[in-house]
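Colleague: Supplied structure: start-v9.txt, compact mmCIF, C-alpha atoms.
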```
# COMPACT_ATOMS: atom_id res chain seq x y z
CA MET A 1 0.00 0.00 0.00
CA ALA A 2 1.13 3.50 -0.79
CA SER A 3 2.48 5.28 2.21
CA ALA A 4 0.89 8.44 3.56
CA GLN A 5 3.75 10.55 2.24
CA LEU A 6 3.47 9.15 -1.26
CA ARG A 7 -0.27 9.72 -1.36
CA ASP A 8 0.13 13.30 -0.13
CA THR A 9 2.74 14.14 -2.70
CA ARG A 10 0.65 12.68 -5.51
CA ARG A 11 -2.34 14.68 -4.39
CA ARG A 12 -0.28 17.86 -4.42
CA ILE A 13 0.99 17.12 -7.92
CA ARG A 14 -2.58 16.75 -9.13
CA SER A 15 -3.70 20.02 -7.59
CA VAL A 16 -0.70 21.92 -8.95
CA GLU A 17 -1.46 20.48 -12.39
CA ALA A 18 -5.03 21.73 -12.15
CA ILE A 19 -3.83 25.21 -11.19
CA LYS A 20 -1.34 25.18 -14.00
CA LYS A 21 -4.12 24.49 -16.49
CA ILE A 22 -5.98 27.55 -15.24
CA THR A 23 -2.99 29.89 -15.28
CA ARG A 24 -2.00 28.63 -18.72
CA ALA A 25 -5.50 29.35 -20.00
CA MET A 26 -5.45 32.85 -18.50
CA GLU A 27 -2.05 33.45 -20.01
CA LEU A 28 -3.32 32.50 -23.45
CA ILE A 29 -6.42 34.66 -23.09
CA ALA A 30 -4.35 37.67 -22.04
CA THR A 31 -1.90 37.04 -24.88
CA SER A 32 -4.71 37.02 -27.41
CA ARG A 33 -6.08 40.30 -26.09
CA ILE A 34 -2.86 42.28 -26.16
CA PRO A 35 -2.69 42.88 -29.92
CA LYS A 36 -6.33 43.92 -29.96
CA ALA A 37 -5.89 46.38 -27.12
CA GLN A 38 -2.70 47.66 -28.70
CA GLY A 39 -4.50 48.11 -32.01
CA ARG A 40 -7.19 50.17 -30.31
CA VAL A 41 -4.56 52.40 -28.70
CA ASN A 42 -3.06 53.08 -32.11
CA ALA A 43 -6.43 53.51 -33.80
CA SER A 44 -7.43 56.20 -31.31
CA LYS A 45 -4.32 58.27 -31.86
CA PRO A 46 -5.23 60.04 -35.12
CA TYR A 47 -8.39 61.42 -33.52
CA THR A 48 -6.50 62.94 -30.60
CA ALA A 49 -3.80 64.27 -32.90
CA LYS A 50 -6.36 65.94 -35.18
CA LEU A 51 -8.25 67.32 -32.22
CA ILE A 52 -5.08 68.92 -30.84
CA GLU A 53 -4.33 70.33 -34.26
CA VAL A 54 -7.77 71.90 -34.51
CA ILE A 55 -7.61 73.31 -30.98
CA GLU A 56 -4.24 74.84 -31.79
CA ASN A 57 -5.66 76.41 -34.92
CA VAL A 58 -8.72 77.77 -33.17
CA GLY A 59 -6.50 79.12 -30.41
CA ALA A 60 -4.18 80.70 -32.94
CA ALA A 61 -7.13 82.28 -34.73
CA GLY A 62 -7.76 84.14 -31.50
CA ALA A 63 -10.75 82.28 -30.15
CA GLY A 64 -11.14 83.13 -26.50
CA ALA A 65 -8.10 82.08 -24.56
CA LYS A 66 -10.53 82.34 -21.70
CA HIS A 67 -12.48 79.20 -21.21
CA ARG A 68 -13.56 77.65 -17.99
CA LEU A 69 -11.63 74.46 -18.72
CA LEU A 70 -8.44 76.43 -19.32
CA GLU A 71 -8.74 78.46 -16.16
CA GLN A 72 -5.75 78.18 -13.82
CA ARG A 73 -7.01 78.68 -10.29
CA GLU A 74 -5.37 78.62 -6.95
CA ILE A 75 -5.37 74.94 -6.10
CA LYS A 76 -7.22 73.98 -2.95
CA THR A 77 -8.74 70.66 -3.90
CA VAL A 78 -7.20 68.20 -6.30
CA GLY A 79 -9.12 65.45 -8.06
CA LEU A 80 -7.16 62.27 -8.62
CA LEU A 81 -8.27 59.73 -11.17
CA VAL A 82 -6.66 56.38 -10.49
CA VAL A 83 -6.92 53.71 -13.17
CA GLY A 84 -6.43 50.20 -11.82
CA SER A 85 -7.90 46.86 -12.80
CA ASP A 86 -11.12 45.08 -11.91
CA ARG A 87 -9.48 41.75 -11.26
CA GLY A 88 -6.25 40.74 -9.62
CA LEU A 89 -3.98 38.06 -11.05
CA ALA A 90 -2.02 40.68 -12.91
CA GLY A 91 1.07 40.85 -10.73
CA SER A 92 1.83 44.28 -9.39
CA TYR A 93 -0.16 46.07 -12.10
CA SER A 94 -2.74 47.75 -9.88
CA SER A 95 -0.54 48.19 -6.84
CA ASN A 96 2.11 50.08 -8.82
CA VAL A 97 -0.38 52.72 -9.96
CA ILE A 98 -1.98 52.86 -6.54
CA ARG A 99 1.39 53.33 -4.87
CA LEU A 100 2.23 56.22 -7.20
CA ALA A 101 -1.15 57.83 -6.52
CA GLU A 102 -0.86 57.35 -2.78
CA SER A 103 2.54 59.00 -2.57
CA ARG A 104 1.05 61.94 -4.48
CA ILE A 105 -1.85 62.06 -2.04
CA ARG A 106 0.59 62.26 0.87
CA GLU A 107 2.51 64.99 -0.92
CA LEU A 108 -0.69 67.00 -1.46
CA ASP A 109 -1.65 66.35 2.12
CA ARG A 110 1.60 67.89 3.33
CA GLU A 111 0.90 70.94 1.17
CA GLY A 112 -2.44 71.21 2.91
CA LYS A 113 -4.55 70.48 -0.13
CA ASP A 114 -7.73 68.46 -0.19
CA VAL A 115 -7.95 65.36 -2.30
CA VAL A 116 -10.95 63.91 -4.06
CA LEU A 117 -10.64 60.48 -5.62
CA TYR A 118 -12.09 58.95 -8.74
CA ALA A 119 -11.37 55.26 -9.11
CA VAL A 120 -11.48 53.18 -12.25
CA GLY A 121 -11.44 49.47 -11.52
CA LYS A 122 -12.44 47.49 -8.47
CA LYS A 123 -8.89 47.18 -7.16
CA ALA A 124 -8.30 50.91 -6.95
CA GLN A 125 -11.74 51.45 -5.44
CA ALA A 126 -11.30 48.72 -2.82
CA TYR A 127 -7.83 49.91 -1.85
CA PHE A 128 -8.80 53.50 -1.20
CA ARG A 129 -12.16 52.72 0.33
CA TYR A 130 -10.54 50.36 2.80
CA ARG A 131 -8.17 53.11 3.85
CA GLY A 132 -11.00 55.54 4.33
CA PHE A 133 -10.34 57.94 1.48
CA ARG A 134 -13.22 59.86 0.04
CA ILE A 135 -14.12 58.34 -3.30
CA GLU A 136 -16.20 60.68 -5.39
CA GLY A 137 -16.86 58.31 -8.24
CA SER A 138 -15.92 54.80 -9.19
CA TYR A 139 -16.20 53.18 -12.58
CA LEU A 140 -16.20 49.40 -12.63
CA GLY A 141 -16.18 46.93 -15.46
CA VAL A 142 -14.58 49.27 -17.98
CA THR A 143 -10.91 48.30 -17.92
CA ASP A 144 -11.20 45.13 -19.97
CA THR A 145 -12.37 46.74 -23.20
CA PRO A 146 -13.02 50.42 -22.57
CA GLY A 147 -15.51 52.10 -24.88
CA TYR A 148 -15.72 55.76 -25.74
CA GLY A 149 -18.91 55.98 -23.70
CA ASP A 150 -16.97 54.92 -20.60
CA ALA A 151 -14.42 57.62 -21.25
CA ARG A 152 -17.21 60.14 -21.65
CA ALA A 153 -18.77 59.15 -18.33
CA VAL A 154 -15.45 59.47 -16.51
CA ALA A 155 -14.53 62.70 -18.25
CA SER A 156 -17.87 64.38 -17.73
CA SER A 157 -17.88 63.92 -13.97
CA ALA A 158 -14.36 65.34 -13.77
CA VAL A 159 -15.25 68.23 -16.07
CA THR A 160 -18.41 69.00 -14.10
CA ALA A 161 -16.56 68.96 -10.78
CA PHE A 162 -13.90 71.21 -12.22
CA ALA A 163 -16.28 73.63 -13.89
CA THR A 164 -18.38 74.04 -10.77
CA GLY A 165 -15.25 74.84 -8.81
CA ARG A 166 -15.47 71.84 -6.52
CA ILE A 167 -12.00 70.75 -7.57
CA ASP A 168 -9.28 72.98 -8.96
CA SER A 169 -7.26 70.49 -10.92
CA VAL A 170 -7.43 66.89 -12.05
CA GLU A 171 -4.51 64.50 -12.24
CA VAL A 172 -4.67 61.05 -13.79
CA PHE A 173 -2.67 58.04 -12.66
CA PHE A 174 -2.48 55.13 -15.06
CA THR A 175 -0.06 52.65 -16.56
CA ARG A 176 1.39 53.82 -19.83
CA TYR A 177 1.83 51.16 -22.45
CA GLN A 178 5.27 51.88 -23.84
CA SER A 179 5.91 48.54 -25.45
CA ALA A 180 5.04 44.90 -24.97
CA MET A 181 7.82 44.69 -22.42
CA THR A 182 7.63 48.04 -20.66
CA GLN A 183 4.64 49.59 -18.96
CA THR A 184 5.20 52.38 -16.51
CA PRO A 185 2.85 53.95 -14.00
CA THR A 186 2.48 57.55 -15.07
CA ARG A 187 0.86 60.77 -13.97
CA VAL A 188 -0.87 63.05 -16.44
CA ASP A 189 -2.46 66.42 -15.73
CA LEU A 190 -5.95 66.50 -17.18
CA LEU A 191 -7.50 69.73 -15.97
CA PRO A 192 -7.12 72.63 -16.30
CA ILE A 193 -6.24 71.98 -19.92
CA THR A 194 -2.80 73.26 -20.71
CA PRO A 195 -3.29 74.72 -24.16
CA PRO A 196 -1.12 72.73 -26.55
CA GLU A 197 1.66 75.09 -27.61
CA ARG A 198 1.40 75.87 -31.25
CA ALA A 199 4.68 74.91 -32.80
CA ASP A 200 5.31 77.73 -35.23
CA ARG A 201 4.17 76.21 -38.44
CA GLU A 202 3.00 77.95 -41.58
CA GLY A 203 1.78 81.53 -41.64
CA PRO A 204 -1.16 83.23 -39.99
CA THR A 205 -4.54 81.61 -39.90
CA ALA A 206 -6.50 84.75 -39.22
CA THR A 207 -8.71 84.23 -42.26
CA TYR A 208 -10.54 81.39 -40.57
CA GLU A 209 -14.25 81.39 -41.00
CA PHE A 210 -16.30 79.99 -38.15
CA GLU A 211 -19.72 78.52 -38.63
CA PRO A 212 -20.87 78.98 -35.07
CA SER A 213 -18.76 81.47 -33.14
CA PRO A 214 -15.18 80.54 -32.15
CA GLU A 215 -16.25 80.50 -28.51
CA GLU A 216 -19.00 78.05 -29.22
CA ILE A 217 -16.66 75.80 -31.17
CA LEU A 218 -14.10 75.90 -28.39
CA ASP A 219 -16.84 75.20 -25.91
CA ARG A 220 -17.57 71.94 -27.69
CA LEU A 221 -13.97 71.11 -28.61
CA LEU A 222 -12.42 71.25 -25.17
CA PRO A 223 -14.72 68.76 -23.39
CA ARG A 224 -14.07 66.43 -26.33
CA TYR A 225 -10.37 66.89 -25.84
CA VAL A 226 -10.74 65.83 -22.21
CA GLU A 227 -12.81 62.84 -23.29
CA ALA A 228 -10.29 61.82 -25.92
CA THR A 229 -7.47 62.10 -23.39
CA VAL A 230 -9.36 59.95 -20.89
CA PHE A 231 -10.21 57.47 -23.64
CA ASN A 232 -6.55 57.23 -24.54
CA VAL A 233 -5.63 56.71 -20.91
CA LEU A 234 -8.20 53.93 -20.54
CA LEU A 235 -7.04 52.19 -23.70
CA GLU A 236 -3.40 52.34 -22.71
CA ALA A 237 -4.22 51.13 -19.23
CA SER A 238 -6.18 48.24 -20.71
CA ALA A 239 -3.30 47.20 -22.96
CA SER A 240 -0.95 47.44 -19.98
CA GLU A 241 -3.29 45.37 -17.86
CA HIS A 242 -3.45 42.55 -20.39
CA SER A 243 0.35 42.61 -20.71
CA ALA A 244 0.81 42.55 -16.94
CA ARG A 245 -1.66 39.69 -16.63
CA ARG A 246 0.06 37.71 -19.35
CA ARG A 247 3.40 38.14 -17.61
CA ALA A 248 2.01 37.24 -14.18
CA MET A 249 0.25 34.17 -15.53
CA LYS A 250 3.32 33.07 -17.45
CA ALA A 251 5.35 33.27 -14.26
CA ALA A 252 2.67 31.30 -12.42
CA THR A 253 2.63 28.60 -15.11
CA ASP A 254 6.42 28.35 -15.04
CA ASN A 255 6.33 28.09 -11.27
CA ALA A 256 3.75 25.35 -11.43
CA GLU A 257 5.92 23.40 -13.86
CA GLU A 258 8.91 23.72 -11.57
CA LEU A 259 6.84 22.66 -8.58
CA ILE A 260 5.52 19.61 -10.43
CA ARG A 261 9.09 18.63 -11.28
CA VAL A 262 10.24 18.87 -7.67
CA LEU A 263 7.18 17.03 -6.38
CA SER A 264 7.59 14.25 -8.94
CA VAL A 265 11.14 13.63 -7.75
CA GLN A 266 9.84 13.53 -4.18
CA ALA A 267 7.05 11.11 -5.11
CA ASN A 268 9.44 8.83 -6.96
CA ARG A 269 11.82 8.83 -4.05
CA ALA A 270 9.01 7.95 -1.63
CA ARG A 271 7.84 5.16 -3.92
CA GLN A 272 11.36 3.77 -4.24
CA ALA A 273 11.85 3.87 -0.47
CA GLU A 274 8.63 1.94 -0.07
CA ILE A 275 9.71 -0.76 -2.54
CA THR A 276 13.07 -1.05 -0.84
CA THR A 277 11.37 -1.53 2.51
CA ALA A 278 9.08 -4.18 1.06
CA ILE A 279 11.98 -6.09 -0.49
CA THR A 280 13.98 -5.94 2.71
CA GLU A 281 11.00 -7.27 4.58
CA ILE A 282 10.46 -10.15 2.12
CA VAL A 283 14.15 -11.06 2.03
CA GLY A 284 14.34 -10.88 5.83
CA GLY A 285 11.24 -13.03 6.16
CA ALA A 286 12.49 -15.62 3.65
CA GLU A 287 15.82 -15.90 5.41
CA ALA A 288 14.13 -16.37 8.74
CA LEU A 289 11.99 -19.16 7.28
CA ALA A 290 15.00 -20.86 5.64
CA GLU A 291 16.90 -20.81 8.95
CA LYS A 292 13.93 -22.41 10.78
CA SER A 293 13.53 -25.32 8.33
CA THR A 294 17.18 -26.37 8.49
CA MET B 1 -4.30 66.60 -59.40
CA ALA B 2 -4.40 70.32 -59.02
CA ASN B 3 -7.90 70.31 -57.68
CA ALA B 4 -7.55 67.47 -55.23
CA PHE B 5 -7.30 67.91 -51.49
CA GLN B 6 -6.51 65.76 -48.51
CA VAL B 7 -9.44 64.41 -46.50
CA ASP B 8 -9.24 62.73 -43.12
CA VAL B 9 -12.32 61.43 -41.38
CA VAL B 10 -11.51 60.34 -37.85
CA SER B 11 -13.58 59.07 -34.92
CA PRO B 12 -12.28 58.29 -31.41
CA GLU B 13 -12.13 54.60 -32.29
CA ALA B 14 -10.43 54.75 -35.65
CA THR B 15 -9.51 56.61 -38.81
CA VAL B 16 -12.63 56.08 -40.88
CA TRP B 17 -11.48 57.43 -44.22
CA SER B 18 -8.33 59.08 -45.42
CA GLY B 19 -7.10 60.03 -48.84
CA ALA B 20 -7.12 62.54 -51.67
CA ALA B 21 -10.51 63.77 -52.84
CA THR B 22 -11.95 66.18 -55.35
CA PHE B 23 -15.26 66.90 -53.68
CA LEU B 24 -16.80 66.56 -50.27
CA LEU B 25 -20.35 67.09 -49.09
CA ALA B 26 -21.13 67.43 -45.40
CA LYS B 27 -24.05 68.57 -43.30
CA THR B 28 -23.68 71.47 -40.91
CA PRO B 29 -26.30 73.15 -38.71
CA ASP B 30 -26.76 75.75 -41.46
CA GLY B 31 -27.39 73.20 -44.17
CA GLU B 32 -25.37 71.17 -46.57
CA LEU B 33 -21.92 72.26 -47.47
CA GLY B 34 -19.99 71.23 -50.54
CA ILE B 35 -16.26 71.60 -50.49
CA MET B 36 -13.89 71.60 -53.42
CA ALA B 37 -10.20 72.29 -53.62
CA ASN B 38 -8.94 75.69 -52.44
CA HIS B 39 -11.93 76.28 -50.23
CA GLU B 40 -11.35 79.08 -47.79
CA PRO B 41 -10.32 78.15 -44.24
CA LEU B 42 -13.36 77.11 -42.32
CA MET B 43 -14.21 75.69 -38.95
CA GLY B 44 -17.68 74.35 -38.41
CA SER B 45 -19.64 71.79 -36.52
CA LEU B 46 -21.29 68.75 -38.04
CA VAL B 47 -24.74 67.34 -37.53
CA THR B 48 -25.97 63.78 -37.89
CA GLY B 49 -26.17 62.90 -41.56
CA ALA B 50 -24.39 61.63 -44.62
CA VAL B 51 -20.99 62.75 -45.82
CA ILE B 52 -20.11 62.07 -49.42
CA VAL B 53 -16.51 62.01 -50.56
CA GLU B 54 -15.50 61.82 -54.18
CA ALA B 55 -12.02 60.40 -54.25
CA GLU B 56 -9.39 61.44 -56.74
CA ASP B 57 -9.84 58.24 -58.72
CA GLY B 58 -13.53 59.01 -59.15
CA THR B 59 -14.94 56.56 -56.60
CA ARG B 60 -17.66 57.81 -54.32
CA THR B 61 -17.78 56.97 -50.65
CA THR B 62 -20.70 57.67 -48.40
CA ILE B 63 -20.13 57.88 -44.70
CA GLY B 64 -22.72 58.02 -41.97
CA VAL B 65 -21.60 60.63 -39.45
CA HIS B 66 -22.83 61.64 -36.02
CA GLY B 67 -21.66 64.89 -34.48
CA GLY B 68 -18.26 66.50 -34.51
CA PHE B 69 -16.35 69.20 -36.33
CA LEU B 70 -15.14 70.08 -39.76
CA GLN B 71 -11.97 71.97 -40.46
CA VAL B 72 -10.80 73.23 -43.81
CA LEU B 73 -7.30 74.62 -43.91
CA ASP B 74 -4.68 74.74 -46.65
CA ASN B 75 -6.48 72.20 -48.81
CA GLN B 76 -6.74 69.83 -45.91
CA VAL B 77 -10.17 68.82 -44.75
CA THR B 78 -10.45 67.19 -41.38
CA LEU B 79 -13.67 65.73 -40.04
CA ILE B 80 -13.46 65.03 -36.35
CA THR B 81 -16.56 63.00 -35.71
CA ASP B 82 -18.03 61.46 -32.61
CA ARG B 83 -18.98 58.39 -34.57
CA ALA B 84 -18.69 57.55 -38.23
CA GLN B 85 -19.10 54.54 -40.42
CA VAL B 86 -18.49 53.98 -44.12
CA THR B 87 -21.58 52.63 -45.84
CA SER B 88 -21.83 50.71 -49.05
CA GLY B 89 -25.19 51.90 -50.29
CA GLY B 90 -26.40 55.29 -51.38
CA ARG B 91 -27.10 58.40 -49.51
CA GLU B 92 -30.34 57.28 -47.86
CA GLU B 93 -28.55 54.36 -46.33
CA ALA B 94 -25.79 56.59 -45.01
CA VAL B 95 -28.39 58.85 -43.42
CA GLN B 96 -30.01 55.81 -41.84
CA VAL B 97 -26.68 54.56 -40.55
CA ALA B 98 -25.92 58.00 -39.16
CA GLU B 99 -29.23 58.08 -37.34
CA GLN B 100 -28.58 54.65 -35.96
CA LEU B 101 -25.15 55.80 -34.77
CA ALA B 102 -26.78 58.76 -33.12
CA ALA B 103 -29.26 56.51 -31.34
CA GLU B 104 -26.54 54.21 -30.08
CA ALA B 105 -24.17 57.00 -29.19
CA PRO B 106 -23.32 57.54 -25.55
CA PRO B 107 -25.42 60.37 -24.22
CA GLU B 108 -24.05 63.84 -24.65
CA GLU B 109 -22.64 65.18 -21.43
CA GLU B 110 -25.17 67.25 -19.60
CA PRO B 111 -24.75 70.96 -19.84
CA ILE B 112 -22.68 72.08 -16.92
CA GLU B 113 -24.38 74.47 -14.64
CA VAL B 114 -22.06 76.82 -12.96
CA PRO B 115 -23.45 78.13 -9.70
CA GLU B 116 -23.11 81.85 -9.23
CA GLU B 117 -20.85 81.74 -6.21
CA ALA B 118 -18.42 79.42 -7.96
CA THR B 119 -17.90 81.78 -10.88
CA ASP B 120 -17.10 84.71 -8.60
CA SER B 121 -14.26 83.08 -6.76
```
Represent the supplied structure as structure tokens.
Modeller:
Amino acid sequence: MASAQLRDTRRRIRSVEAIKKITRAMELIATSRIPKAQGRVNASKPYTAKLIEVIENVGAAGAGAKHRLLEQREIKTVGLLVVGSDRGLAGSYSSNVIRLAESRIRELDREGKDVVLYAVGKKAQAYFRYRGFRIEGSYLGVTDTPGYGDARAVASSAVTAFATGRIDSVEVFFTRYQSAMTQTPTRVDLLPITPPERADREGPTATYEFEPSPEEILDRLLPRYVEATVFNVLLEASASEHSARRRAMKAATDNAEELIRVLSVQANRARQAEITTAITEIVGGAEALAEKST
Amino acid sequence: MANAFQVDVVSPEATVWSGAATFLLAKTPDGELGIMANHEPLMGSLVTGAVIVEAEDGTRTTIGVHGGFLQVLDNQVTLITDRAQVTSGGREEAVQVAEQLAAEAPPEEEPIEVPEEATDS
């Protein structure tokens, strides 16, 4: 009969194998989603680029440099938008962003400024709620495949809070997708909008003709710029999340393989020890019998 | 060649159409607007409807468009749309597609009301 140790080891091997199947599956799923997420990041870039171009042109054509979203006020309350993930199993993905945001919160705290939080993803929400921070808005279930509507929802609450003077600036914390290998937690200032500096290109654009007034155009352009920026942030964060999850799950799968190897050696050794004991017992018994009969 | 101009139709999700064109028809709040090469610089808003682009090689593309802006500058026409989709059929279909896009579109952000006391400070 198999000894207790052998049975235990075999049971552990089976359970590690089952876990390995799961992590392998998650790794493959994440891997398949990366190119898609990356493609969406790239596809959204022309829009933002064109939008910036148009805002520059409208600004250069002298449309009101005064707009409530451009207004630089004395900063008393800062809104922080933290983009984490909904699920764990992505290594240090969420905690890296959260750590960056939290150190900023402490910094603002020392400067005597109030902080209002907006959380994207369950992990960010849970972390800050547990620590008793005031969360003004949380957006769940958007990080997997963010849509433009999600970006609009996030952006509009930030814009409203800013425009009504409840917060004086908005900073975004997310993980920038630099390449398949590198993703870095980053901070981006969202509001007030820093007017994109017009790089001195071709001549004057004073002859612009506006269909509604320049102010009206700007009034519609700027909120869209905020939305597009948030959309970009969400898409990059999503690509980063899938990459982080792939890496974490690959490490888990590799670990499981290593563990199975070690456990197999242990199981074999236990089995061999058992056989050796059995043989010794049989040989011993046979010898004892032979001695008796002579 | 001389009377062609660059057209870019972009939406937040993707570049919908891009290339050289000889004629473009778009709908603005004031009515329909046809654009040919060397149009004067213009900045306008777009309303839900069909956009027709006649490419340099003579092919016609209809695009259903919902919301956004139109910029004409230095023979470059840029349509920054909220949502847009190239359609295969004629103009009616494009209009239908545009209306469908409008119906599916995420709601416009509510107008922001600025309380009096906030504007003073």
Colleague: May I have the residues within 12 Å of Ala20 of chain B as a PyMOL selection string, using only C-alpha atoms and disregarding those fewer than 3 positions away in the same chain?
Modeller: chain B and resi 1-9+17+23-24+36-37+53-60+75-78
Colleague: Show me a table, sorted first by chain and then by increasing residue number, of the residues of chain A having an atom at most 7 Å from chain B, each with its shortest atom pair and the distance in Å to one decimal, counting only C-alpha atoms and written as JSON lines.
Modeller:
```
{"residue": "A:Arg40", "atom": "CA", "partner": "B:Glu13", "partner_atom": "CA", "distance": 6.9}
{"residue": "A:Ala43", "atom": "CA", "partner": "B:Ala14", "partner_atom": "CA", "distance": 4.6}
{"residue": "A:Ser44", "atom": "CA", "partner": "B:Glu13", "partner_atom": "CA", "distance": 5.1}
{"residue": "A:Pro46", "atom": "CA", "partner": "B:Thr15", "partner_atom": "CA", "distance": 6.6}
{"residue": "A:Tyr47", "atom": "CA", "partner": "B:Pro12", "partner_atom": "CA", "distance": 5.4}
{"residue": "A:Gly149", "atom": "CA", "partner": "B:Pro106", "partner_atom": "CA", "distance": 5.0}
{"residue": "A:Ser156", "atom": "CA", "partner": "B:Glu109", "partner_atom": "CA", "distance": 6.1}
{"residue": "A:Thr160", "atom": "CA", "partner": "B:Ile112", "partner_atom": "CA", "distance": 6.0}
{"residue": "A:Ala163", "atom": "CA", "partner": "B:Val114", "partner_atom": "CA", "distance": 6.7}
{"residue": "A:Thr164", "atom": "CA", "partner": "B:Val114", "partner_atom": "CA", "distance": 5.1}
{"residue": "A:Gly165", "atom": "CA", "partner": "B:Ala118", "partner_atom": "CA", "distance": 5.6}
{"residue": "A:Thr207", "atom": "CA", "partner": "B:Pro41", "partner_atom": "CA", "distance": 6.6}
{"residue": "A:Tyr208", "atom": "CA", "partner": "B:Pro41", "partner_atom": "CA", "distance": 4.9}
{"residue": "A:Glu209", "atom": "CA", "partner": "B:Leu42", "partner_atom": "CA", "distance": 4.6}
{"residue": "A:Phe210", "atom": "CA", "partner": "B:Met43", "partner_atom": "CA", "distance": 4.8}
{"residue": "A:Glu211", "atom": "CA", "partner": "B:Gly44", "partner_atom": "CA", "distance": 4.6}
{"residue": "A:Pro212", "atom": "CA", "partner": "B:Gly44", "partner_atom": "CA", "distance": 6.5}
{"residue": "A:Ala228", "atom": "CA", "partner": "B:Pro12", "partner_atom": "CA", "distance": 6.8}
```
Colleague: When you draw a straight line from atom CA of Met26 of chain A to atom CA of Pro185 of chain A, how long is it in Å?
Modeller: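 Spanning atom CA of Met26 of chain A to atom CA of Pro185 of chain A is a straight-line distance of 23.1 Å.
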Colleague: Work out how far atom CA of Gly147 of chain A is from atom CA of Arg134 of chain A, in Å to one decimal.
Modeller: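 These atoms are spaced 26.2 Å apart.
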Colleague: Looking at A:Ile282, A:Leu108, A:Val115, A:Val41, which one is nearest to Phe231 of chain A, with distances taken over all atoms listed in the file?
Modeller: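 Using all atoms listed in the file, Phe231 of chain A sits closest to A:Val41.
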Colleague: Write out as a PyMOL selection string the residues lying within 7 Å of Thr23 of chain A, counting only C-alpha atoms and excluding same-chain residues fewer than 5 positions away.
Modeller: chain A and resi 249+252-253
Colleague: Could you save those same residues with C-alpha atoms as a tab-separated table (two decimals), in the coordinates of the input?
Modeller:
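Now in out33.tsv:
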```tsv
chain	number	residue	atom	x	y	z
A	249	MET	CA	0.25	34.17	-15.53
A	252	ALA	CA	2.67	31.30	-12.42
A	253	THR	CA	2.63	28.60	-15.11
```
Colleague: Considering all atoms listed in the file, can you say which of B:Gln85, B:His39, B:Thr22, B:Val47 comes closest to Val97 of chain B?
Modeller: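 So, comparing all the options, the nearest one is B:Gln85.
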Colleague: Can you work out the spacing between atom CA of Glu99 of chain B and atom CA of Pro214 of chain A in Å, to one decimal?
Modeller: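 Going from atom CA of Glu99 of chain B over to atom CA of Pro214 of chain A covers 27.0 Å.
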Colleague: Quick one: residues within 12 Å of segment 256-258 of chain A, all atoms listed in the file, excluding same-chain residues fewer than 3 positions away - as a PyMOL selection string?
Modeller: chain A and resi 12-24+249-253+261-265
Colleague: Leaving out Ser88 of chain B and any residue of its chain fewer than 2 positions from it, which residues lie within 12 Å of it when counting only C-alpha atoms, given as a list in words?
Modeller: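 Once the nearby chain positions are removed, what remains is Ile52, Thr59, Arg60, Thr61, Thr62, Ile63, Gly64, Gln85, Val86, Gly90, Arg91, Glu92, Glu93, Ala94, Val95 and Val97 of chain B.
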Colleague: Any chance you could export the current selection's C-alpha atoms as a PDB file, keeping the file's coordinate frame?
Modeller:
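Written out: again.pdb:
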```pdb
ATOM      1  CA  ILE B  52     -20.110  62.070 -49.420  1.00  0.00           C
ATOM      2  CA  THR B  59     -14.940  56.560 -56.600  1.00  0.00           C
ATOM      3  CA  ARG B  60     -17.660  57.810 -54.320  1.00  0.00           C
ATOM      4  CA  THR B  61     -17.780  56.970 -50.650  1.00  0.00           C
ATOM      5  CA  THR B  62     -20.700  57.670 -48.400  1.00  0.00           C
ATOM      6  CA  ILE B  63     -20.130  57.880 -44.700  1.00  0.00           C
ATOM      7  CA  GLY B  64     -22.720  58.020 -41.970  1.00  0.00           C
ATOM      8  CA  GLN B  85     -19.100  54.540 -40.420  1.00  0.00           C
ATOM      9  CA  VAL B  86     -18.490  53.980 -44.120  1.00  0.00           C
ATOM     10  CA  GLY B  90     -26.400  55.290 -51.380  1.00  0.00           C
ATOM     11  CA  ARG B  91     -27.100  58.400 -49.510  1.00  0.00           C
ATOM     12  CA  GLU B  92     -30.340  57.280 -47.860  1.00  0.00           C
ATOM     13  CA  GLU B  93     -28.550  54.360 -46.330  1.00  0.00           C
ATOM     14  CA  ALA B  94     -25.790  56.590 -45.010  1.00  0.00           C
ATOM     15  CA  VAL B  95     -28.390  58.850 -43.420  1.00  0.00           C
ATOM     16  CA  VAL B  97     -26.680  54.560 -40.550  1.00  0.00           C
TER      17      VAL B  97
END
```
Colleague: Write out as a list in words which residues come within 10 Å of Glu102 of chain A when counting only C-alpha atoms, dropping same-chain ones fewer than 5 positions away.
Modeller: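 Returned residues: Leu80, Val82, Asn96, Val97, Glu107, Leu108 and Phe128 of chain A.
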Colleague: Of the candidates A:Gly121, A:Val78, A:Val283, A:Arg99, which one gets nearest to Leu190 of chain A if we count only C-alpha atoms?
Modeller: A:Val78
Colleague: Measuring atom to atom with only C-alpha atoms, identify which of B:Ala98, B:Ala50, B:Ala103, B:Ala84 is nearest to Gly31 of chain B.
Modeller: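 Counting only C-alpha atoms, the residue closest to Gly31 of chain B is B:Ala50.
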